[in-house]
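Undergrad: Take a look at the following structure, please.
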Amino acid sequence: MSERLTRADVVHVARLARLTLGDAEVQSFTLELADILAHAHDVASLDTAGVVPTAHPLPLVNVLRADVIRPGVDRTEVLAMAPWAEDDRFRVPKILGETT
Amino acid sequence: MALKNGWELVVGLEVHCELATNTKIFCSCANQFGDEPNTNICPVCLGLPGSLPVLNHMAVEFAMRIGSALHCRVEPSIFHRKNYFYPDMPKDYQVSQNDEPINVDGYLELPDGFRVGIERAHMEEDTGKTQHMGSSGRIHGANYSLVDYNRAGVPLVEIVSRPDIRTAEQAKAYVAELRSILVATGASNGKMEEGSLRVDANVSVRQPGHEYGTRCEIKNLNSLRSLTRAIEYEANRQIDLREAGERIVQETRHWNEEDGRTSSMRSKEEAMDYRYFPEPDLVPIAPSAEWVAAVRDALPLMPADRRRLLSEATGGELAPGSDPIVTIVDQGLDALVLGAVAHGGDGRRAVNRVANEVVTAEQGARLNIAGFAALLVMEAQAKLTSTQAKAVLVEMMETQASDPAAIATARGFQAMDSGVAETLVDELIAAHPAEFERLRAGDTKVAGFFVGAAMKASGGKADGKLVTGLLRQRAGL
Amino acid sequence: MSAPTRTVVTVSTGDPGTAANIAADVRAGRRTAVDVLAQHFARIDAHEGDVHAFNLVLRQQAGEQAATVDAAVAAGIDPGPLAGIPVALKDNLCTRGIETTCSSRILEGWKPPYSATVVQRLAAAGAVAVGKTNLDEFAMGSSTENSAFGPTRNPHDHTKVPGGSSGGSAAAVAAGFASIALGSDTGGSIRQPASLCGIVGMKPTYGLVSRYGLVAYASSLDQIGPFAHTVEDAALLLENIAGHDPADSTSIDAPPPSLVAAVRRGRADGVPGLRVGIVEELSGEGMSSDVLARLDVAVDRLRTAGATVGHVSVESTKLCLSAYYLIAPAEASSNLSRYDGVRYGLRVSQGAANVEEMMANTRAAGFGAEVKRRIMLGTYALSAGYYDAYYGQAQKVRTLIIEDFRRAYQQFDVLITPTSPTTAFSFGDKTADPFTMYLTDVCTIPSNLAGDPAISVPCGVGDDGMPIGVQLLGPALSEAVLLGAAAVIEKGN
Ligand SMILES: [Mg+2]
Ligand SMILES: [Zn+2]
């Protein structure tokens with residue numbers, strides 16, 4: 001990629017990645033990510049016409065499981081690990097939904 | 001319903017269907033509606049660190065059945081991760097099929113013969129359930145939310161139609177038809193009230209012949225009634241905007257059942273960037289030709305084929321999309337009709353009797369097919385009037401009796417001789433001159449009065465049609 | 001930092017011997033597992049304060065496991081092929097009811113409700129888990145300096161890093177805290193610390209060892225593998241954790257290979273006729289001279305044992321580093337999304353008006369700088385408009401690498417390279433510039449991208465007296481061949 005990574009890109013990506021970044025972090029990530037991506041130029045600019053991407057090094061297919069119920073985990077054990085549980089469920093702060 | 005000022009509606013539907021498997025799509029937890037919160041959970045469907053998915057064989061099988069029933073090509077496919085953050089999604093990505101889905105390019109035939117194209121029917125996992133706590137009980141104005149992951153990882157097939165639908169009624173017919181197909185394949189229980197089927201509608205409007213307009217996606221359509229109301233509301237909203245010279249913003253909108261409106265979901269500029277990439281924890285699905293053929297061959301007849309068979313049984317007198325035939329297929333009463341025809345019953349009469357008098361599968365189950373056929377034959381041979389035949393049919397269902405002749409005899413039913421009928425009609429005219437005058441003057445509703453009187457006088461033996469005919473003759477109509 | 005001291009195991013009285021010896025003695029009733037464990041705990045007590053190999057020492061549980069092993073022996077029941085062997089577990093392997101942190105604040109205090117398949121297999125084979133070892137946070141790093149709980153020191157020189165990300169496991173074995181250990185290797189995270197700490201480390205063929213219960217960094221690259229003092233111990237450990245697992249869809253459905261026998265064969269018979277290729281791109285530029293000198297020694301040993309040696313060019317290895325730093329962060333960005341403060345681990349609610357802000361604040365507080373950097377990089381590489389140029393392109397490069405290696409393996413049975421371009425470096429040397437740190441993985445990354453096995457085996461020391469390892473690479477499922485050849489190199493030490 002020839003375009004240079006900008007501060008605005010970093011802010012956008014941080015929002016996508018759900019990371020609250022301070023100004024200093026935005027600043028340093030802008031420089032560091034641009035640097036790493038510059039090193040990736042050899043890959044980004046390579047002529048790969050006709051090359052099939054490898055998503056996986058193994059040529060496995062159709063790995064399937066029988067549709068048989070097996071015991072899971074006890075909810076008390078799991079809810080005990082939750083930051084906040086209420087009424088046998090996981091409690092979270094309010095979710096922004098539709099506007100009115 | 002036609003839209004105002006010549007606008008044309010364009011609708012494409014995305015139907016999420018929960019599969020009727022025993023277990024979830026990627027783990028061995030029970031796929032069970034209505035259990036205590038967070039009781040069907042394990043490291044996999046909770047997205048615990050280190051857990052890995054393994055695909056459920058039956059989920060693939062059901063997906064292939066759905067694809068075959070919708071005339072799709074079943075293709076080699078892979079799973080992708082669809083990345084977005086939401087508390088009811090344990091991994092904060094959804095495992096779904098993106099550009100290589102298992103089923104592509106099919107169609108669904110509505111009862112009236114109209115075909116809606118199916119773009120794809122792909123597999124994915126369901127999310128957990130969030131309950132919004134606070135004064136309203138709705139997402140807006142809630143103070144906090146509680147999450148239950150029992151539903152997380154329940155297998156879904158998402159059926160995406162092409163934008164071929166042109167009216168709200170057609171959308172409703174599409175979902176109803178799709179529901180019967182899904183139930184017929186055994187892949188779904190079809191219970192919309194339990195969320196087994198969930199519909200999103202992509203709605204736009206245009207002037208006929210023009211390009212598609214900008215569409216809005218409406219979510220939260222939990223019933224056929226919501227579907228048609230929401231589409232109509234949304235179409236009118238868009239028309240009003242367009243006619244006022246405003247632009248439609250492509251967005252997701254939420255249907256509010258209580259106020260009957262759609263409203264914009266909070267628009268997030270990043271919401272559309274799902275950063276799909278192939279799911280590295282799963283391997284491709286490549287069903288063999290034999291597997292695909294075996295699934296296709298094992299499918300039962302689909303509703304469209306069944307309607308066609310019933311229509312043929314009436315010698316084409318009733319169209320496949322006619323109400324009685326649609327009712328019979330909906331209720332699964334085909335076997336009763338086709339069986340009666342095989343036993344010599346008349347097809348059209350069989351269809352009408354089953355659709356109007358038997359009506360439900362439970363009633364149908366109480367009826368002996370040969371006995372029902374014999375009843376149809378008696379009626380056809382004018383041994384019973386239609387009123388008498390109906391009464392016999394009701395008794396056969398009540399008592400599970402199989403011999404209509406015995407019931408008719410016990411009740412003293414026999415068709416009234418036409419000479420007796422003429423005498424009776426003349427007596428009634430003489431007894432009710434004022435009513436007869438009104439009939440002569442063209443008030444045909446009075447005929448009903450005379451038929452009723454004839455029935456009463458004859459103890460139900462009179463043939464209503466015959467009485468009406470004689471009356472009209474006497475009245476010179 | 002304390003003054004340079006050493007806590008390395010040397011053969012002396014009190015040396016518990018190899019893992020193979022321990023198991024043989026314990027099974028035969030010549031030694032008790034409790035005694036063996038006490039020897040290791042004595043070393044932990046003496047040196048763990050300096051080395052900091054562990055996030056958690058399982059004093060009580062290990063004692064109970066050892067006692068169970070001894071009770072079985074006393075009852076005439078064979079406790080299994082790993083009877084009484086003290087093993088250290090990288091702290092990204094889930095252990096039921098026992099804290100599993102990945103050396104991250106975001107998982108601090110989390111006790112999984114289940115154990116990784118490898119952890120279950122070790123227990124079933126009679127091994128005794130002594131502790132959870134330190135790592136670069138979520139296995140992202142090459143020095144263990146990225147741990148949220150402080151760095152691990154190289155037992156050979158406490159001013160030097162142990163390598164990473166499995167630095168704690170490598171140091172635990174090198175320091176004699178455990179006889180063997182498990183690590184995970186995504187771009188060299190077993191082999192590089194093994195090399196820097198002077199022990200054996202192996203990354204198996206992708207799919208040979210179940211990943212179920214290994215907290216994912218980059219799913220298509222991660223593999224669990226062994227650390228050991230000897231090649232035979234590495235083979236013994238690998239043999240007992242390998243094999244099909246229905247809980248991992250990417251697990252190879254084949255019986256586990258026979259590996260210890262291959263090591264013994266190599267040691268006894270050498271490697272007659274084995275064709276060894278020196279990878280040109282990884283045996284010159286960028287490698288320090290002492291490292292290259294030891295590579296020559298290893299090659300000589302193989303030649304003496306009957307191998308024929310040649311040079312081979314694997315050109316696409318030059319692209320591996322770039323491809324890796326697109327693929328691994330991309331997968332990581334998705335794998336690490338689940339740490340959102342909802343179900344387990346850290347939650348930072350303060351100042352959050354809604355769940356989105358809670359998630360973003362939790363992740364900002366819970367992740368360290370390198371983890372954030374890779375999440376950012378990976379998110380960018382997958383985002384709209386960049387997928388094709390970055391992630392998509394890197395996946396195609398992966399195909400080229402696989403094809404390149406396939407060509408090389410038509411001429412050669414195994415390939416040889418240094419494991420790491422240098423010996424262990426000092427704390428802080430490479431933390432200022434992320435890319436400098438990434439360069440330390442240049443030799444190890446190719447086999448992760450190809451999914452092939454590779455082993456690092458010690459071969460002497462460098463000018464600074466610090467250990468140097470050489471790396472052997474082979475095609476998929478060639479573990480037995482690699483271990484046999486590694487035994488030849490080891491024999492010369
Ligand atoms: Mg979907
Ligand atoms: Zn589950």
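The chains in the structure tokens are called A, B, ... from first to last as shown; in each chain the residues are counted from 1, and the ligands are counted from 1 in the order shown.
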Given a cut-off of 6 Å, what residues near ligand 2 show up using only C-alpha atoms and all ligand atoms, put as a PyMOL selection string?
TA: chain B and resi 27-29+41-42+44-45
Undergrad: Residues of chain A within 12 Å of chain B, counting only C-alpha atoms - could you list those as a PyMOL selection string?
TA: chain A and resi 9+11-19+53-79+81-82+84-100
Undergrad: Those residues you just picked out, can you put them in a file as a PDB file, in the first residue's frame with C-alpha atoms?
TA:
ATOM      1  CA  ASP A   9      -6.951   5.516  10.666  1.00  0.00           C
ATOM      2  CA  VAL A  11      -8.572   6.277  15.836  1.00  0.00           C
ATOM      3  CA  HIS A  12     -10.963   4.395  13.560  1.00  0.00           C
ATOM      4  CA  VAL A  13      -9.210   1.059  14.099  1.00  0.00           C
ATOM      5  CA  ALA A  14      -9.135   1.601  17.862  1.00  0.00           C
ATOM      6  CA  ARG A  15     -12.890   2.048  17.820  1.00  0.00           C
ATOM      7  CA  LEU A  16     -13.330  -1.124  15.750  1.00  0.00           C
ATOM      8  CA  ALA A  17     -11.084  -2.991  18.190  1.00  0.00           C
ATOM      9  CA  ARG A  18     -12.807  -1.537  21.285  1.00  0.00           C
ATOM     10  CA  LEU A  19      -9.643  -0.018  22.718  1.00  0.00           C
ATOM     11  CA  PRO A  53      -4.534 -18.394  -0.697  1.00  0.00           C
ATOM     12  CA  THR A  54      -3.797 -20.898   2.063  1.00  0.00           C
ATOM     13  CA  ALA A  55      -6.108 -20.358   5.002  1.00  0.00           C
ATOM     14  CA  HIS A  56      -4.923 -23.511   6.640  1.00  0.00           C
ATOM     15  CA  PRO A  57      -1.814 -25.665   6.265  1.00  0.00           C
ATOM     16  CA  LEU A  58      -3.798 -28.901   6.494  1.00  0.00           C
ATOM     17  CA  PRO A  59      -5.964 -30.291   3.698  1.00  0.00           C
ATOM     18  CA  LEU A  60      -8.644 -31.614   6.076  1.00  0.00           C
ATOM     19  CA  VAL A  61     -12.360 -31.509   5.182  1.00  0.00           C
ATOM     20  CA  ASN A  62     -15.661 -32.590   6.764  1.00  0.00           C
ATOM     21  CA  VAL A  63     -14.547 -32.862  10.371  1.00  0.00           C
ATOM     22  CA  LEU A  64     -17.930 -33.473  11.976  1.00  0.00           C
ATOM     23  CA  ARG A  65     -19.323 -34.424  15.347  1.00  0.00           C
ATOM     24  CA  ALA A  66     -22.293 -36.684  16.128  1.00  0.00           C
ATOM     25  CA  ASP A  67     -25.413 -34.796  17.267  1.00  0.00           C
ATOM     26  CA  VAL A  68     -25.374 -36.233  20.795  1.00  0.00           C
ATOM     27  CA  ILE A  69     -25.921 -34.185  23.961  1.00  0.00           C
ATOM     28  CA  ARG A  70     -23.105 -34.221  26.485  1.00  0.00           C
ATOM     29  CA  PRO A  71     -22.949 -32.457  29.842  1.00  0.00           C
ATOM     30  CA  GLY A  72     -21.548 -28.938  29.767  1.00  0.00           C
ATOM     31  CA  VAL A  73     -20.291 -26.933  32.713  1.00  0.00           C
ATOM     32  CA  ASP A  74     -22.093 -25.965  35.869  1.00  0.00           C
ATOM     33  CA  ARG A  75     -23.364 -22.414  35.762  1.00  0.00           C
ATOM     34  CA  THR A  76     -22.346 -21.705  39.345  1.00  0.00           C
ATOM     35  CA  GLU A  77     -18.722 -22.417  38.426  1.00  0.00           C
ATOM     36  CA  VAL A  78     -18.950 -20.114  35.422  1.00  0.00           C
ATOM     37  CA  LEU A  79     -20.966 -17.351  37.051  1.00  0.00           C
ATOM     38  CA  MET A  81     -15.884 -16.126  37.421  1.00  0.00           C
ATOM     39  CA  ALA A  82     -18.130 -13.369  36.049  1.00  0.00           C
ATOM     40  CA  TRP A  84     -21.019  -9.292  37.737  1.00  0.00           C
ATOM     41  CA  ALA A  85     -23.795 -11.881  37.743  1.00  0.00           C
ATOM     42  CA  GLU A  86     -27.435 -11.418  38.687  1.00  0.00           C
ATOM     43  CA  ASP A  87     -30.387 -13.759  38.560  1.00  0.00           C
ATOM     44  CA  ASP A  88     -28.250 -16.586  37.083  1.00  0.00           C
ATOM     45  CA  ARG A  89     -27.232 -14.344  34.224  1.00  0.00           C
ATOM     46  CA  PHE A  90     -24.317 -12.118  33.283  1.00  0.00           C
ATOM     47  CA  ARG A  91     -24.996  -8.502  34.110  1.00  0.00           C
ATOM     48  CA  VAL A  92     -23.682  -5.784  31.787  1.00  0.00           C
ATOM     49  CA  PRO A  93     -24.079  -2.015  31.662  1.00  0.00           C
ATOM     50  CA  LYS A  94     -26.781  -0.681  29.403  1.00  0.00           C
ATOM     51  CA  ILE A  95     -26.482  -1.433  25.718  1.00  0.00           C
ATOM     52  CA  LEU A  96     -26.950   1.377  23.226  1.00  0.00           C
ATOM     53  CA  GLY A  97     -29.667   0.331  20.857  1.00  0.00           C
ATOM     54  CA  GLU A  98     -32.151   2.086  18.682  1.00  0.00           C
ATOM     55  CA  THR A  99     -32.684   5.820  18.928  1.00  0.00           C
ATOM     56  CA  THR A 100     -36.179   7.144  19.271  1.00  0.00           C
TER      57      THR A 100
END
Undergrad: May I have the residues within 10 Å of ligand 1, computed using only C-alpha atoms and all ligand atoms, as a list of chain:residue names?
TA: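 Those residues are B:Glu14, B:Val15, B:His16, B:Lys82, B:Gln94, B:Val95, B:Ser96, B:Gln97, B:Asn98, B:Ala121, B:His122, B:Met123, B:Glu124, B:Glu125, B:Asp126, B:Leu156, B:Val157, B:Glu158, B:Ile159, B:Val160, B:Asp200.
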Undergrad: Can you pull out every residue within 8 Å of Val326 (chain B), counting only C-alpha atoms, but drop anything in the same chain fewer than 6 positions away, and send it as an NGL selection string?
TA: :B and (111 or 307 or 320)
Undergrad: Any chance you can output those residues with N, CA and C atoms as a JSON list (two decimals), in the first residue's frame?
TA:
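And here is the file that came out, part_15.json:
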[["chain", "number", "residue", "atom", "x", "y", "z"],
["B", 111, "PRO", "N", -47.81, -20.36, -3.54],
["B", 111, "PRO", "CA", -48.98, -21.13, -3.98],
["B", 111, "PRO", "C", -49.55, -20.63, -5.31],
["B", 307, "ARG", "N", -49.43, -29.50, -3.38],
["B", 307, "ARG", "CA", -50.57, -28.72, -3.90],
["B", 307, "ARG", "C", -50.85, -29.12, -5.35],
["B", 320, "PRO", "N", -53.73, -25.15, -7.87],
["B", 320, "PRO", "CA", -52.84, -25.49, -6.74],
["B", 320, "PRO", "C", -52.84, -24.42, -5.66]]
Undergrad: Counting only C-alpha atoms, which residues in chain C sit no more than 9 Å from chain B? For each one, give the nearest pair of atoms and the distance in Å, sorted by chain then residue number, as a Markdown table.
TA:
| residue | atom | partner | partner_atom | distance |
| --- | --- | --- | --- | --- |
| C:Asn92 | CA | B:Gly50 | CA | 8.3 |
| C:Leu93 | CA | B:Gly50 | CA | 7.6 |
| C:Cys94 | CA | B:Gly50 | CA | 6.9 |
| C:Pro112 | CA | B:Leu48 | CA | 8.0 |
| C:Pro113 | CA | B:Pro43 | CA | 7.6 |
| C:Tyr114 | CA | B:Pro43 | CA | 7.5 |
| C:Ala116 | CA | B:Gly50 | CA | 7.6 |
| C:Arg211 | CA | B:Gly50 | CA | 7.5 |
| C:Tyr212 | CA | B:Ser51 | CA | 5.7 |
| C:Gly213 | CA | B:Gly50 | CA | 4.0 |
| C:Leu214 | CA | B:Gly50 | CA | 4.6 |
| C:Val215 | CA | B:Gly50 | CA | 3.9 |
| C:Ala216 | CA | B:Gly50 | CA | 5.9 |
| C:Ala218 | CA | B:Pro280 | CA | 8.7 |
| C:Ser219 | CA | B:Pro280 | CA | 5.9 |
| C:Ser220 | CA | B:Pro280 | CA | 5.5 |
| C:Pro246 | CA | B:Val54 | CA | 7.9 |
| C:Ala247 | CA | B:Val54 | CA | 6.5 |
| C:Asp248 | CA | B:Leu52 | CA | 6.1 |
| C:Ser249 | CA | B:Val54 | CA | 5.6 |
| C:Thr250 | CA | B:Asp281 | CA | 6.6 |
| C:Ala330 | CA | B:Phe277 | CA | 8.9 |
| C:Glu331 | CA | B:Pro280 | CA | 8.2 |
| C:Ser334 | CA | B:Asn83 | CA | 6.8 |
| C:Asn335 | CA | B:Lys91 | CA | 7.7 |
| C:Leu336 | CA | B:Lys91 | CA | 8.4 |
| C:Ser337 | CA | B:Asp92 | CA | 5.6 |
| C:Arg338 | CA | B:Lys91 | CA | 4.5 |
| C:Tyr339 | CA | B:Lys91 | CA | 8.3 |
| C:Asp340 | CA | B:Asp92 | CA | 8.2 |
| C:Val342 | CA | B:Pro87 | CA | 6.6 |
| C:Arg343 | CA | B:Pro90 | CA | 7.9 |
| C:Tyr344 | CA | B:Leu48 | CA | 8.5 |
| C:Asn354 | CA | B:Tyr144 | CA | 8.5 |
| C:Val355 | CA | B:Pro87 | CA | 7.8 |
| C:Glu356 | CA | B:Phe85 | CA | 8.1 |
| C:Met359 | CA | B:Phe85 | CA | 8.7 |
| C:Thr379 | CA | B:Arg275 | CA | 7.6 |
| C:Ala381 | CA | B:Arg275 | CA | 8.8 |
| C:Leu382 | CA | B:Arg275 | CA | 5.1 |
| C:Ser383 | CA | B:Arg275 | CA | 5.2 |
| C:Ala384 | CA | B:Asp273 | CA | 6.0 |
| C:Tyr387 | CA | B:Arg275 | CA | 7.9 |
| C:Tyr391 | CA | B:Phe277 | CA | 8.5 |
| C:Gly392 | CA | B:Phe277 | CA | 8.8 |
Undergrad: Identify all residues of region 308-432 of chain C in strand (DSSP E) (DSSP on the backbone) and supply them as a PyMOL selection string.
TA: chain C and resi 308-312+414-418
